[in-house]
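**Student:** Next comes run_4.cif, mmCIF, C-alpha atoms:
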```
data_structure
loop_
_atom_site.label_atom_id
_atom_site.label_comp_id
_atom_site.auth_asym_id
_atom_site.auth_seq_id
_atom_site.Cartn_x
_atom_site.Cartn_y
_atom_site.Cartn_z
CA MET V 1 -44.02 90.78 27.89
CA THR V 2 -42.16 93.88 26.73
CA THR V 3 -38.37 94.12 26.97
CA PRO V 4 -38.40 96.77 29.77
CA ILE V 5 -40.77 94.62 31.82
CA ALA V 6 -38.66 91.53 31.14
CA ARG V 7 -35.51 93.38 32.26
CA ARG V 8 -37.12 94.52 35.50
CA ARG V 9 -38.40 91.02 36.16
CA SER V 10 -34.97 89.55 35.37
CA ALA V 11 -33.37 91.83 37.96
CA GLU V 12 -35.88 90.55 40.54
CA LEU V 13 -35.18 86.97 39.51
CA GLU V 14 -31.44 87.42 39.91
CA GLU V 15 -32.03 88.50 43.51
CA LEU V 16 -34.16 85.40 44.09
CA ILE V 17 -31.48 83.20 42.50
CA ASP V 18 -28.84 84.65 44.80
CA ARG V 19 -31.05 83.89 47.82
CA ASP V 20 -32.26 80.41 46.82
CA ALA V 21 -31.42 79.09 43.37
CA ALA V 22 -32.83 75.66 44.25
CA GLN V 23 -36.38 76.94 43.72
CA PHE V 24 -35.71 77.22 39.99
CA ARG V 25 -35.85 74.57 37.31
CA ILE V 26 -34.15 75.92 34.19
CA LEU V 27 -34.43 74.79 30.58
CA THR V 28 -31.92 75.86 27.96
CA GLY V 29 -30.24 74.23 24.99
CA ASP V 30 -28.57 74.29 21.59
CA ARG V 31 -29.17 73.00 18.09
CA PRO V 32 -26.37 70.64 16.94
CA THR V 33 -25.61 72.49 13.70
CA GLY V 34 -21.89 73.13 14.21
CA ARG V 35 -19.21 73.86 16.77
CA LEU V 36 -20.00 76.01 19.79
CA HIS V 37 -18.04 79.25 19.83
CA LEU V 38 -17.08 82.18 22.02
CA GLY V 39 -20.39 83.90 21.34
CA HIS V 40 -22.14 80.89 22.86
CA TYR V 41 -19.71 80.83 25.77
CA PHE V 42 -20.19 84.44 26.84
CA GLY V 43 -23.83 84.52 25.79
CA THR V 44 -25.18 81.39 27.48
CA LEU V 45 -22.72 78.64 28.41
CA ARG V 46 -20.92 80.20 31.34
CA ASN V 47 -24.27 81.38 32.71
CA ARG V 48 -25.49 77.78 32.73
CA VAL V 49 -22.51 76.78 34.82
CA ARG V 50 -23.14 79.73 37.15
CA LEU V 51 -26.78 78.74 37.68
CA GLN V 52 -25.82 75.10 38.19
CA ASP V 53 -23.17 76.02 40.75
CA LEU V 54 -25.63 78.25 42.61
CA GLY V 55 -27.91 75.24 43.07
CA ALA V 56 -30.55 75.59 40.35
CA GLU V 57 -31.81 72.46 38.61
CA VAL V 58 -30.61 72.82 35.02
CA PHE V 59 -31.85 70.94 31.95
CA VAL V 60 -29.82 71.30 28.74
CA LEU V 61 -31.54 70.20 25.56
CA ILE V 62 -29.67 69.05 22.47
CA ALA V 63 -32.36 70.07 19.98
CA ASP V 64 -31.62 67.61 17.20
CA TYR V 65 -35.15 67.63 15.73
CA GLN V 66 -35.00 71.41 15.50
CA VAL V 67 -32.00 71.19 13.19
CA LEU V 68 -34.63 70.61 10.50
CA THR V 69 -36.45 73.89 11.07
CA ASP V 70 -34.28 75.80 8.58
CA ARG V 71 -32.59 73.08 6.51
CA ASP V 72 -33.68 70.06 4.52
CA THR V 73 -31.39 67.47 6.10
CA ALA V 74 -29.66 67.01 9.44
CA GLU V 75 -26.03 66.49 8.48
CA HIS V 76 -23.11 65.45 10.69
CA LEU V 77 -25.39 64.95 13.71
CA ASP V 78 -23.17 62.37 15.40
CA GLU V 79 -20.16 64.66 15.11
CA TYR V 80 -21.99 67.77 16.27
CA VAL V 81 -23.79 66.09 19.18
CA THR V 82 -20.54 64.60 20.44
CA GLY V 83 -18.93 68.02 20.08
CA LEU V 84 -21.68 69.62 22.15
CA LEU V 85 -21.26 67.03 24.88
CA LEU V 86 -17.50 67.55 24.98
CA ASP V 87 -17.92 71.32 25.19
CA TYR V 88 -20.57 71.06 27.92
CA LEU V 89 -18.36 68.87 30.08
CA ALA V 90 -15.24 70.91 29.36
CA ILE V 91 -16.80 74.22 30.47
CA GLY V 92 -17.95 72.68 33.75
CA LEU V 93 -21.49 71.36 33.35
CA ASP V 94 -21.79 68.53 35.86
CA PRO V 95 -24.02 65.55 34.86
CA ALA V 96 -24.74 64.96 38.55
CA ARG V 97 -26.45 68.35 38.73
CA THR V 98 -27.42 69.11 35.13
CA VAL V 99 -29.58 66.91 32.90
CA ILE V 100 -28.29 66.80 29.32
CA PHE V 101 -30.67 65.14 26.86
CA ALA V 102 -31.72 65.01 23.19
CA HIS V 103 -35.08 65.76 21.56
CA SER V 104 -35.22 62.58 19.55
CA ALA V 105 -34.69 60.41 22.64
CA VAL V 106 -37.76 61.70 24.54
CA PRO V 107 -40.95 60.73 22.65
CA ALA V 108 -43.30 61.89 25.41
CA LEU V 109 -41.87 65.41 25.19
CA ASN V 110 -42.63 65.57 21.49
CA GLN V 111 -46.16 64.25 21.99
CA LEU V 112 -46.96 67.46 23.87
CA LEU V 113 -46.69 69.28 20.56
CA LEU V 114 -50.11 67.95 19.49
CA PRO V 115 -52.29 69.34 22.30
CA PHE V 116 -50.21 72.51 22.40
CA LEU V 117 -50.89 73.17 18.71
CA SER V 118 -54.61 73.15 19.50
CA LEU V 119 -54.07 76.09 21.85
CA VAL V 120 -52.63 78.55 19.31
CA SER V 121 -53.95 80.04 16.09
CA VAL V 122 -52.23 80.19 12.72
CA PRO V 123 -52.11 84.03 12.84
CA GLU V 124 -50.35 83.83 16.21
CA LEU V 125 -47.70 81.64 14.63
CA THR V 126 -47.25 83.65 11.45
CA ARG V 127 -46.86 87.00 13.17
CA ASN V 128 -44.18 85.85 15.62
CA PRO V 129 -41.28 88.24 14.86
CA THR V 130 -38.58 85.70 15.71
CA VAL V 131 -40.11 83.14 13.34
CA LYS V 132 -40.33 85.80 10.63
CA ASP V 133 -36.62 86.51 11.01
CA GLU V 134 -35.72 82.83 11.00
CA ILE V 135 -37.81 82.28 7.88
CA ALA V 136 -36.05 85.20 6.18
CA HIS V 137 -32.67 83.55 6.84
CA SER V 138 -33.83 80.00 6.21
CA ARG V 139 -31.88 77.64 3.98
CA GLN V 140 -35.11 76.09 2.73
CA SER V 141 -36.85 77.01 -0.52
CA ALA V 142 -40.23 76.95 1.26
CA VAL V 143 -41.33 77.36 4.87
CA SER V 144 -41.85 73.99 6.54
CA GLY V 145 -44.51 73.20 9.10
CA LEU V 146 -41.74 72.58 11.61
CA MET V 147 -40.38 76.09 11.08
CA LEU V 148 -43.82 77.64 11.55
CA THR V 149 -44.50 75.63 14.70
CA TYR V 150 -40.98 76.06 16.11
CA PRO V 151 -42.18 78.18 19.07
CA VAL V 152 -44.78 75.54 19.99
CA HIS V 153 -42.11 72.85 19.96
CA GLN V 154 -40.02 75.08 22.21
CA ALA V 155 -43.01 75.33 24.54
CA ALA V 156 -43.00 71.54 24.76
CA ASP V 157 -39.27 71.62 25.52
CA ILE V 158 -39.82 74.04 28.37
CA LEU V 159 -43.05 72.71 29.83
CA PHE V 160 -42.36 68.96 29.69
CA CYS V 161 -40.08 69.34 32.71
CA LYS V 162 -42.17 72.20 34.17
CA ALA V 163 -39.29 74.63 33.93
CA ASN V 164 -40.08 77.90 35.66
CA LEU V 165 -37.11 79.89 34.35
CA VAL V 166 -35.69 80.16 30.83
CA PRO V 167 -32.52 82.16 30.07
CA VAL V 168 -33.09 83.96 26.76
CA GLY V 169 -31.79 86.76 24.63
CA GLN V 170 -34.06 89.66 23.79
CA ASP V 171 -34.83 88.17 20.36
CA GLN V 172 -36.23 85.03 22.00
CA LEU V 173 -38.81 86.84 24.14
CA PRO V 174 -41.64 86.28 21.61
CA HIS V 175 -40.97 82.53 21.68
CA LEU V 176 -41.11 82.43 25.46
CA GLU V 177 -44.20 84.60 25.55
CA LEU V 178 -45.99 82.00 23.42
CA THR V 179 -44.89 79.32 25.90
CA ARG V 180 -46.41 81.40 28.69
CA VAL V 181 -49.62 81.75 26.70
CA ILE V 182 -49.79 77.99 26.05
CA ALA V 183 -49.24 77.17 29.75
CA ARG V 184 -52.04 79.54 30.82
CA ARG V 185 -54.44 78.38 28.10
CA PHE V 186 -53.90 74.71 28.89
CA ASN V 187 -54.49 75.25 32.60
CA ASP V 188 -57.58 77.37 31.93
CA ARG V 189 -59.09 75.15 29.24
CA PHE V 190 -58.73 71.88 31.11
CA GLY V 191 -59.21 73.21 34.61
CA LEU V 192 -56.06 71.81 36.21
CA PRO V 193 -52.86 73.72 37.07
CA VAL V 194 -50.59 71.32 35.18
CA PHE V 195 -47.99 73.81 33.98
CA PRO V 196 -46.15 76.71 35.60
CA VAL V 197 -45.94 79.96 33.64
CA PRO V 198 -42.17 80.27 33.11
CA ASP V 199 -40.25 83.50 33.53
CA ALA V 200 -37.64 84.85 31.15
CA LEU V 201 -34.17 85.48 32.52
CA LEU V 202 -32.76 88.00 30.08
CA SER V 203 -29.09 87.64 29.29
CA ALA V 204 -26.91 90.60 30.19
CA ALA V 205 -24.20 89.35 27.83
CA PRO V 206 -23.01 91.99 25.35
CA LEU V 207 -23.08 91.25 21.64
CA LEU V 208 -19.94 89.85 20.06
CA LEU V 209 -19.56 90.21 16.30
CA GLY V 210 -18.02 87.56 14.09
CA THR V 211 -14.57 87.86 12.59
CA ASP V 212 -16.11 89.41 9.46
CA GLY V 213 -17.78 92.19 11.44
CA THR V 214 -21.31 90.76 11.09
CA LYS V 215 -23.42 88.73 13.52
CA MET V 216 -21.45 85.80 14.91
CA SER V 217 -23.02 82.65 13.53
CA LYS V 218 -22.02 79.05 12.91
CA SER V 219 -23.66 79.17 9.48
CA ARG V 220 -21.60 82.21 8.44
CA GLY V 221 -18.27 80.62 9.33
CA ASN V 222 -17.16 83.73 11.23
CA THR V 223 -16.76 82.29 14.71
CA ILE V 224 -13.94 81.26 17.04
CA PRO V 225 -14.95 77.76 18.18
CA LEU V 226 -14.31 76.64 21.74
CA SER V 227 -12.69 73.54 20.29
CA ALA V 228 -10.25 75.52 18.11
CA THR V 229 -6.56 74.96 18.73
CA ALA V 230 -4.35 77.82 19.90
CA ASP V 231 -2.91 78.13 16.37
CA GLU V 232 -6.35 78.05 14.76
CA THR V 233 -7.52 80.74 17.17
CA ALA V 234 -4.54 82.93 16.31
CA ARG V 235 -5.24 82.53 12.60
CA LEU V 236 -8.93 83.41 13.01
CA VAL V 237 -8.15 86.50 15.08
CA ARG V 238 -5.50 87.65 12.58
CA GLY V 239 -8.13 87.51 9.85
CA ALA V 240 -10.71 89.47 11.85
CA GLN V 241 -12.02 92.69 10.37
CA THR V 242 -10.85 96.00 11.87
CA ASP V 243 -10.65 99.51 10.35
CA ALA V 244 -8.07 101.97 9.04
CA GLU V 245 -7.72 104.05 12.21
CA ARG V 246 -4.53 103.20 14.14
CA HIS V 247 -5.59 104.41 17.58
CA ILE V 248 -7.64 101.74 19.34
CA SER V 249 -10.78 102.91 21.09
CA TYR V 250 -13.94 101.29 22.42
CA ASP V 251 -16.80 102.79 20.41
CA PRO V 252 -19.40 100.07 19.60
CA ALA V 253 -21.58 102.41 17.55
CA GLY V 254 -18.81 104.12 15.57
CA ARG V 255 -16.26 101.31 15.33
CA PRO V 256 -18.20 98.04 15.73
CA ALA V 257 -15.58 95.60 14.42
CA VAL V 258 -12.69 97.03 16.47
CA SER V 259 -14.90 97.40 19.53
CA SER V 260 -16.06 93.79 19.30
CA LEU V 261 -12.44 92.61 19.41
CA VAL V 262 -11.73 94.91 22.35
CA LEU V 263 -14.82 93.55 24.09
CA LEU V 264 -13.74 89.97 23.47
CA ALA V 265 -10.37 90.61 25.10
CA ALA V 266 -12.07 92.41 28.00
CA LEU V 267 -14.48 89.53 28.60
CA CYS V 268 -11.64 87.01 28.59
CA LEU V 269 -9.59 89.18 30.97
CA ASP V 270 -12.58 90.22 33.13
CA ARG V 271 -11.70 93.89 32.58
CA ASP V 272 -13.48 97.01 31.39
CA PRO V 273 -13.22 97.27 27.56
CA ARG V 274 -12.33 100.96 27.74
CA GLU V 275 -9.33 100.14 29.90
CA VAL V 276 -8.22 97.43 27.47
CA ALA V 277 -8.51 99.87 24.55
CA ALA V 278 -6.58 102.56 26.46
CA ASP V 279 -3.76 100.11 27.17
CA ILE V 280 -3.42 99.30 23.46
CA GLY V 281 -3.70 102.94 22.43
CA ASP V 282 -1.73 103.66 19.26
CA GLY V 283 -0.57 100.07 18.89
CA GLY V 284 -3.02 99.58 16.05
CA ALA V 285 -4.81 96.51 14.79
CA ALA V 286 -1.76 94.25 15.11
CA ALA V 287 -1.38 95.00 18.83
CA LEU V 288 -5.14 94.62 19.35
CA LYS V 289 -5.17 91.21 17.69
CA SER V 290 -2.15 90.11 19.68
CA VAL V 291 -3.92 91.03 22.94
CA VAL V 292 -7.10 89.27 21.83
CA THR V 293 -5.26 86.12 20.78
CA GLU V 294 -3.39 85.84 24.06
CA ALA V 295 -6.51 86.55 26.13
CA VAL V 296 -8.64 84.01 24.26
CA ASN V 297 -6.00 81.30 24.35
CA ASP V 298 -5.39 81.83 28.07
CA LEU V 299 -9.13 81.55 28.73
CA LEU V 300 -9.59 78.47 26.57
CA ALA V 301 -6.43 76.61 27.62
CA PRO V 302 -7.98 74.80 30.62
CA ILE V 303 -11.22 74.20 28.69
CA ARG V 304 -9.25 72.66 25.83
CA ALA V 305 -7.31 70.47 28.25
CA ARG V 306 -10.50 69.15 29.86
CA ARG V 307 -12.08 68.64 26.44
CA ALA V 308 -9.11 66.57 25.27
CA GLU V 309 -9.32 64.47 28.42
CA TYR V 310 -13.02 63.74 27.89
CA ALA V 311 -12.39 63.02 24.20
CA ARG V 312 -10.16 60.14 25.29
CA ASP V 313 -13.18 58.50 26.97
CA LEU V 314 -16.10 58.87 24.57
CA GLY V 315 -17.81 55.92 26.24
CA TYR V 316 -18.30 58.07 29.32
CA VAL V 317 -19.34 61.08 27.24
CA HIS V 318 -22.09 59.15 25.49
CA GLN V 319 -23.18 57.59 28.79
CA VAL V 320 -23.77 61.12 30.08
CA LEU V 321 -26.29 61.60 27.27
CA ARG V 322 -27.93 58.21 27.84
CA ASP V 323 -28.34 58.97 31.54
CA GLY V 324 -29.78 62.40 30.75
CA ASN V 325 -32.17 60.90 28.21
CA GLU V 326 -33.36 58.39 30.81
CA ARG V 327 -34.02 61.13 33.37
CA ALA V 328 -35.80 63.30 30.80
CA ASN V 329 -37.98 60.36 29.74
CA GLU V 330 -39.01 59.73 33.34
CA ILE V 331 -40.08 63.34 33.77
CA ALA V 332 -41.78 63.55 30.36
CA ALA V 333 -43.81 60.40 31.02
CA VAL V 334 -45.18 61.85 34.27
CA THR V 335 -46.03 65.16 32.61
CA LEU V 336 -47.73 63.48 29.65
CA ALA V 337 -49.80 61.36 32.05
CA GLU V 338 -50.94 64.54 33.81
CA VAL V 339 -51.81 66.10 30.46
CA ARG V 340 -53.87 63.06 29.45
CA THR V 341 -55.68 63.10 32.77
CA ALA V 342 -56.51 66.78 32.41
CA MET V 343 -57.75 66.20 28.84
CA GLY V 344 -59.87 63.17 29.83
CA MET V 345 -57.73 60.72 27.89
CA ARG V 346 -56.93 58.29 30.70
CA TYR V 347 -58.86 55.33 29.28
CA ARG V 348 -58.02 51.84 28.18
CA GLY V 349 -59.27 49.79 25.27
CA PRO V 350 -60.52 46.19 25.59
CA ARG V 351 -57.98 43.57 26.54
#
```
In structure tokens, what does this structure look like?
**Tutor:**
Amino acid sequence: MTTPIARRRSAELEELIDRDAAQFRILTGDRPTGRLHLGHYFGTLRNRVRLQDLGAEVFVLIADYQVLTDRDTAEHLDEYVTGLLLDYLAIGLDPARTVIFAHSAVPALNQLLLPFLSLVSVPELTRNPTVKDEIAHSRQSAVSGLMLTYPVHQAADILFCKANLVPVGQDQLPHLELTRVIARRFNDRFGLPVFPVPDALLSAAPLLLGTDGTKMSKSRGNTIPLSATADETARLVRGAQTDAERHISYDPAGRPAVSSLVLLAALCLDRDPREVAADIGDGGAAALKSVVTEAVNDLLAPIRARRAEYARDLGYVHQVLRDGNERANEIAAVTLAEVRTAMGMRYRGPR
């Protein structure tokens, strides 16, 4: 699926969501490799809450196994998983309407990886552009089998619950296209319509740069975490890269670092970035950073308050994950049984 086709289809899907979101089962998720940040919030998190509130059935995966795709060990998992849960609850994900679960807690999901691997070729895996990029930025000295088969594992994530809609960025389209291929091939090879062919819902979120002017990334340490204090946020914004020109304008191509800060303020204020830049005018970088700091802290204040409240009851927070794991296991067991039936594996040995 090309990007123009995906964009047209996404526009159609948004109309369908507005009419009847309940017809959609959505799978999305995060790797627990650090603290969620404003790029995550504007890129995916607030959209999850929107889809949930519209009535879609949302599944949020904590992809703990996939931490190992680009690193040798999974460090600080307890801390990062708890942090994800706190952020999810603080932004408004409701466990009564959204299933939050972890890879490692759903064995039947991961068993789907085996038959799915039989449906794809090694060349199909090696030429995936997203995998190539991830390999190029990998922390590992050699490419692991998990890295190479990452898109197939994602197909298992999506298809175990028979999700029919997956919110993605443009760079994730090749991954989802392989999921679509696997769903069609399984149904065709084994003669039963076990899996839906999921659609991509392309994100309309604009790109936010990190505080160093490069891609915002947990691994680069250039983010503003959702869990940052007001003082920490102010410090991070003060250290953000700008340029030597005093007049503030919104010019993403010509002034990417300044424009990213303007955009961040505009997103927090729900305003047009050109209007925000015009208001700052000749105030320079100091005025820009002051506006950004105030806008971010005002946006995050209620989220921080809810996060602190949940942090005082970690028993409840971890129960949310246990309940989500239980629900995911129920669904995965049914799907795996259907897969075994389709493959002729519903047999029993001697008693």
**Student:** Show me, as number ranges by chain, the residues that have an atom within 8 Å of V:Leu93 when counting only C-alpha atoms, minus same-chain residues fewer than 3 positions from it.
**Tutor:** V: 48-49, 52, 88-90, 97-98
**Student:** Check the smallest atom-to-atom distance from each of V:Leu321, V:Leu117, V:Leu178, V:Ile280 to V:Ile100 using only C-alpha atoms, then report the winner.
**Tutor:**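 Residue with the minimum atom-to-atom distance to V:Ile100: V:Leu321.
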**Student:** Starting from the displayed file, determine the output of the PyMOL selection byres ((chain V and resi 229) around 12) and express the residue list as a list in words.
**Tutor:** Ile224, Pro225, Leu226, Ser227, Ala228, Ala230, Asp231, Glu232, Thr233, Ala234, Arg235, Leu236, Thr293, Val296, Asn297, Asp298, Leu300, Ala301, Pro302, Ile303, Arg304, Ala305, Arg307 and Ala308 of chain V
**Student:** Report the residues retrieved by the PyMOL selection byres ((chain V and resi 105) around 9) from the displayed file, expressed as a PDB file with C-alpha atoms, in the frame of the given file.
**Tutor:**
```pdb
ATOM      1  CA  PHE V 101     -30.670  65.140  26.860  1.00  0.00           C
ATOM      2  CA  ALA V 102     -31.720  65.010  23.190  1.00  0.00           C
ATOM      3  CA  HIS V 103     -35.080  65.760  21.560  1.00  0.00           C
ATOM      4  CA  SER V 104     -35.220  62.580  19.550  1.00  0.00           C
ATOM      5  CA  VAL V 106     -37.760  61.700  24.540  1.00  0.00           C
ATOM      6  CA  PRO V 107     -40.950  60.730  22.650  1.00  0.00           C
ATOM      7  CA  ARG V 322     -27.930  58.210  27.840  1.00  0.00           C
ATOM      8  CA  ASN V 325     -32.170  60.900  28.210  1.00  0.00           C
ATOM      9  CA  GLU V 326     -33.360  58.390  30.810  1.00  0.00           C
ATOM     10  CA  ALA V 328     -35.800  63.300  30.800  1.00  0.00           C
ATOM     11  CA  ASN V 329     -37.980  60.360  29.740  1.00  0.00           C
TER      12      ASN V 329
END
```
**Student:** Using the chain letters and numbering of this document, enumerate as number ranges by chain the residues selected by the PyMOL selection byres ((chain V and resi 242-257) around 10).
**Tutor:** V: 207-214, 238-241, 258-263, 272-289
**Student:** Could you write out the selected residues, including C-alpha atoms, as an mmCIF file, in the coordinates of the input?
**Tutor:**
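As written to disk, selection-v3.cif reads:
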```cif
data_model
loop_
_atom_site.group_PDB
_atom_site.id
_atom_site.type_symbol
_atom_site.label_atom_id
_atom_site.label_comp_id
_atom_site.auth_asym_id
_atom_site.auth_seq_id
_atom_site.Cartn_x
_atom_site.Cartn_y
_atom_site.Cartn_z
ATOM 1 C CA LEU V 207 -23.080 91.250 21.640
ATOM 2 C CA LEU V 208 -19.940 89.850 20.060
ATOM 3 C CA LEU V 209 -19.560 90.210 16.300
ATOM 4 C CA GLY V 210 -18.020 87.560 14.090
ATOM 5 C CA THR V 211 -14.570 87.860 12.590
ATOM 6 C CA ASP V 212 -16.110 89.410 9.460
ATOM 7 C CA GLY V 213 -17.780 92.190 11.440
ATOM 8 C CA THR V 214 -21.310 90.760 11.090
ATOM 9 C CA ARG V 238 -5.500 87.650 12.580
ATOM 10 C CA GLY V 239 -8.130 87.510 9.850
ATOM 11 C CA ALA V 240 -10.710 89.470 11.850
ATOM 12 C CA GLN V 241 -12.020 92.690 10.370
ATOM 13 C CA VAL V 258 -12.690 97.030 16.470
ATOM 14 C CA SER V 259 -14.900 97.400 19.530
ATOM 15 C CA SER V 260 -16.060 93.790 19.300
ATOM 16 C CA LEU V 261 -12.440 92.610 19.410
ATOM 17 C CA VAL V 262 -11.730 94.910 22.350
ATOM 18 C CA LEU V 263 -14.820 93.550 24.090
ATOM 19 C CA ASP V 272 -13.480 97.010 31.390
ATOM 20 C CA PRO V 273 -13.220 97.270 27.560
ATOM 21 C CA ARG V 274 -12.330 100.960 27.740
ATOM 22 C CA GLU V 275 -9.330 100.140 29.900
ATOM 23 C CA VAL V 276 -8.220 97.430 27.470
ATOM 24 C CA ALA V 277 -8.510 99.870 24.550
ATOM 25 C CA ALA V 278 -6.580 102.560 26.460
ATOM 26 C CA ASP V 279 -3.760 100.110 27.170
ATOM 27 C CA ILE V 280 -3.420 99.300 23.460
ATOM 28 C CA GLY V 281 -3.700 102.940 22.430
ATOM 29 C CA ASP V 282 -1.730 103.660 19.260
ATOM 30 C CA GLY V 283 -0.570 100.070 18.890
ATOM 31 C CA GLY V 284 -3.020 99.580 16.050
ATOM 32 C CA ALA V 285 -4.810 96.510 14.790
ATOM 33 C CA ALA V 286 -1.760 94.250 15.110
ATOM 34 C CA ALA V 287 -1.380 95.000 18.830
ATOM 35 C CA LEU V 288 -5.140 94.620 19.350
ATOM 36 C CA LYS V 289 -5.170 91.210 17.690
#
```
**Student:** For V:Leu113, which of V:Ala295, V:Ile182, V:Ala56, V:Leu84 is the closest residue, counting only C-alpha atoms?
**Tutor:**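 Closest residue, counting only C-alpha atoms: V:Ile182.
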**Student:** Write out as a ChimeraX atom specification each polymer residue whose atoms come within 7 Å of V:Tyr80, counting all atoms listed in the file; drop sequence neighbours fewer than 5 positions from it.
**Tutor:** /V:32-35
**Student:** Give the answer as one residue: which of V:Pro193, V:Pro174, V:Pro198, V:Pro95 has the shortest atom-to-atom distance to V:Asn128, using all atoms listed in the file?
**Tutor:**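 Closest to V:Asn128 of all the choices is V:Pro174.
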**Student:** Could you name the residues that touch V:Gln172 at 10 Å or less, counting only C-alpha atoms, but leaving out those on the same chain fewer than 6 positions away, as an MDAnalysis selection string?
**Tutor:** chainID V and resid 129:131 151 200 202
**Student:** Nearest residue to V:Glu14 out of V:Asp94, V:Asp157, V:Asp70, V:Asp199, using all atoms listed in the file?
**Tutor:**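 Closest residue, counting all atoms listed in the file: V:Asp199.
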**Student:** Between atom CA of V:Leu114 and atom CA of V:Asn164, what is the distance in Å, rounded to a tenth?
**Tutor:**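 Taking atom CA of V:Leu114 and atom CA of V:Asn164, their separation equals 21.5 Å.
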**Student:** Separation of atom CA of V:Pro123 and atom CA of V:Val67, in Å?
**Tutor:**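 According to the coordinates, atom CA of V:Pro123 and atom CA of V:Val67 are separated by 23.9 Å.
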**Student:** Give me, as a list of chain:residue names, all polymer residues having an atom no more than 9 Å from V:Arg31, counting only C-alpha atoms and skipping those fewer than 3 positions away in the same chain.
**Tutor:**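 Close residues of V:Arg31: V:Gly34, V:Leu61, V:Ile62, V:Ala63, V:Asp64, V:Tyr65, V:Gln66, V:Val67, V:Val81.
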**Student:** Taking the point (-29.9, 79.8, 28.9) as given in the file, collect each protein or nucleic acid residue that comes within 9 Å of it, counting all atoms listed in the file, and present the set as a list in words.
**Tutor:** Ile26, Leu27, Thr28, Gly29, Gly43, Thr44, Leu45, Asn47, Arg48, Val60, Val166, Pro167, Val168, Gly169, Leu201, Leu202 and Ser203 of chain V
**Student:** For the residues selected in the previous step, produce a file with C-alpha atoms as a short mmCIF file (atom, residue, chain, number, x, y, z; two decimals), in the coordinates of the input.
**Tutor:**
```
data_model
loop_
_atom_site.label_atom_id
_atom_site.label_comp_id
_atom_site.auth_asym_id
_atom_site.auth_seq_id
_atom_site.Cartn_x
_atom_site.Cartn_y
_atom_site.Cartn_z
CA ILE V 26 -34.15 75.92 34.19
CA LEU V 27 -34.43 74.79 30.58
CA THR V 28 -31.92 75.86 27.96
CA GLY V 29 -30.24 74.23 24.99
CA GLY V 43 -23.83 84.52 25.79
CA THR V 44 -25.18 81.39 27.48
CA LEU V 45 -22.72 78.64 28.41
CA ASN V 47 -24.27 81.38 32.71
CA ARG V 48 -25.49 77.78 32.73
CA VAL V 60 -29.82 71.30 28.74
CA VAL V 166 -35.69 80.16 30.83
CA PRO V 167 -32.52 82.16 30.07
CA VAL V 168 -33.09 83.96 26.76
CA GLY V 169 -31.79 86.76 24.63
CA LEU V 201 -34.17 85.48 32.52
CA LEU V 202 -32.76 88.00 30.08
CA SER V 203 -29.09 87.64 29.29
#
```
**Student:** I need the residue nearest V:Asp53 from this list: V:Ile17, V:Leu85, V:Leu38, V:Leu119. Use only C-alpha atoms for the distance.
**Tutor:**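 Once distances to V:Asp53 are computed over only C-alpha atoms, the minimum belongs to V:Ile17.
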**Student:** Work out where the centre of an axis-aligned box around every listed atom of stretch 5-22 of chain V lies and how long its edges are once 6 Å is added on each side; give both in Å to one decimal as JSON.
**Tutor:**
```
{"center_x": -34.8, "center_y": 85.1, "center_z": 39.5, "size_x": 23.9, "size_y": 31.0, "size_z": 28.7}
```
**Student:** Out of V:Leu125, V:Leu36, V:Ala21, V:Leu159, which residue has the shortest atom-to-atom distance to V:Gly83 when counting only C-alpha atoms?
**Tutor:**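 Among the listed residues, the smallest separation from V:Gly83 belongs to V:Leu36.
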**Student:** Enter the distance from atom CA of V:Ser290 to atom CA of V:Leu269, in Å, rounded to one decimal.
**Tutor:**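 Computed distance, atom CA of V:Ser290 to atom CA of V:Leu269, equals 13.6 Å.
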**Student:** When you get a chance, write out N, CA, C and O atoms for stretch 196-201 of chain V, as a PDB file, in the coordinates of the input.
**Tutor:**
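Output saved as selection32.pdb:
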```pdb
ATOM      1  N   PRO V 196     -46.519  75.376  35.119  1.00  0.00           N
ATOM      2  CA  PRO V 196     -46.150  76.710  35.600  1.00  0.00           C
ATOM      3  C   PRO V 196     -46.057  77.654  34.407  1.00  0.00           C
ATOM      4  O   PRO V 196     -45.905  77.218  33.261  1.00  0.00           O
ATOM      5  N   VAL V 197     -46.148  78.954  34.680  1.00  0.00           N
ATOM      6  CA  VAL V 197     -45.940  79.960  33.640  1.00  0.00           C
ATOM      7  C   VAL V 197     -44.497  80.442  33.800  1.00  0.00           C
ATOM      8  O   VAL V 197     -44.179  81.170  34.732  1.00  0.00           O
ATOM      9  N   PRO V 198     -43.600  80.017  32.903  1.00  0.00           N
ATOM     10  CA  PRO V 198     -42.170  80.270  33.110  1.00  0.00           C
ATOM     11  C   PRO V 198     -41.793  81.729  32.910  1.00  0.00           C
ATOM     12  O   PRO V 198     -42.384  82.439  32.096  1.00  0.00           O
ATOM     13  N   ASP V 199     -40.803  82.154  33.661  1.00  0.00           N
ATOM     14  CA  ASP V 199     -40.250  83.500  33.530  1.00  0.00           C
ATOM     15  C   ASP V 199     -39.068  83.492  32.577  1.00  0.00           C
ATOM     16  O   ASP V 199     -38.361  82.484  32.442  1.00  0.00           O
ATOM     17  N   ALA V 200     -38.833  84.652  31.963  1.00  0.00           N
ATOM     18  CA  ALA V 200     -37.640  84.850  31.150  1.00  0.00           C
ATOM     19  C   ALA V 200     -36.540  85.443  32.008  1.00  0.00           C
ATOM     20  O   ALA V 200     -36.774  86.372  32.781  1.00  0.00           O
ATOM     21  N   LEU V 201     -35.347  84.892  31.895  1.00  0.00           N
ATOM     22  CA  LEU V 201     -34.170  85.480  32.520  1.00  0.00           C
ATOM     23  C   LEU V 201     -33.330  86.059  31.400  1.00  0.00           C
ATOM     24  O   LEU V 201     -32.621  85.335  30.696  1.00  0.00           O
TER      25      LEU V 201
END
```
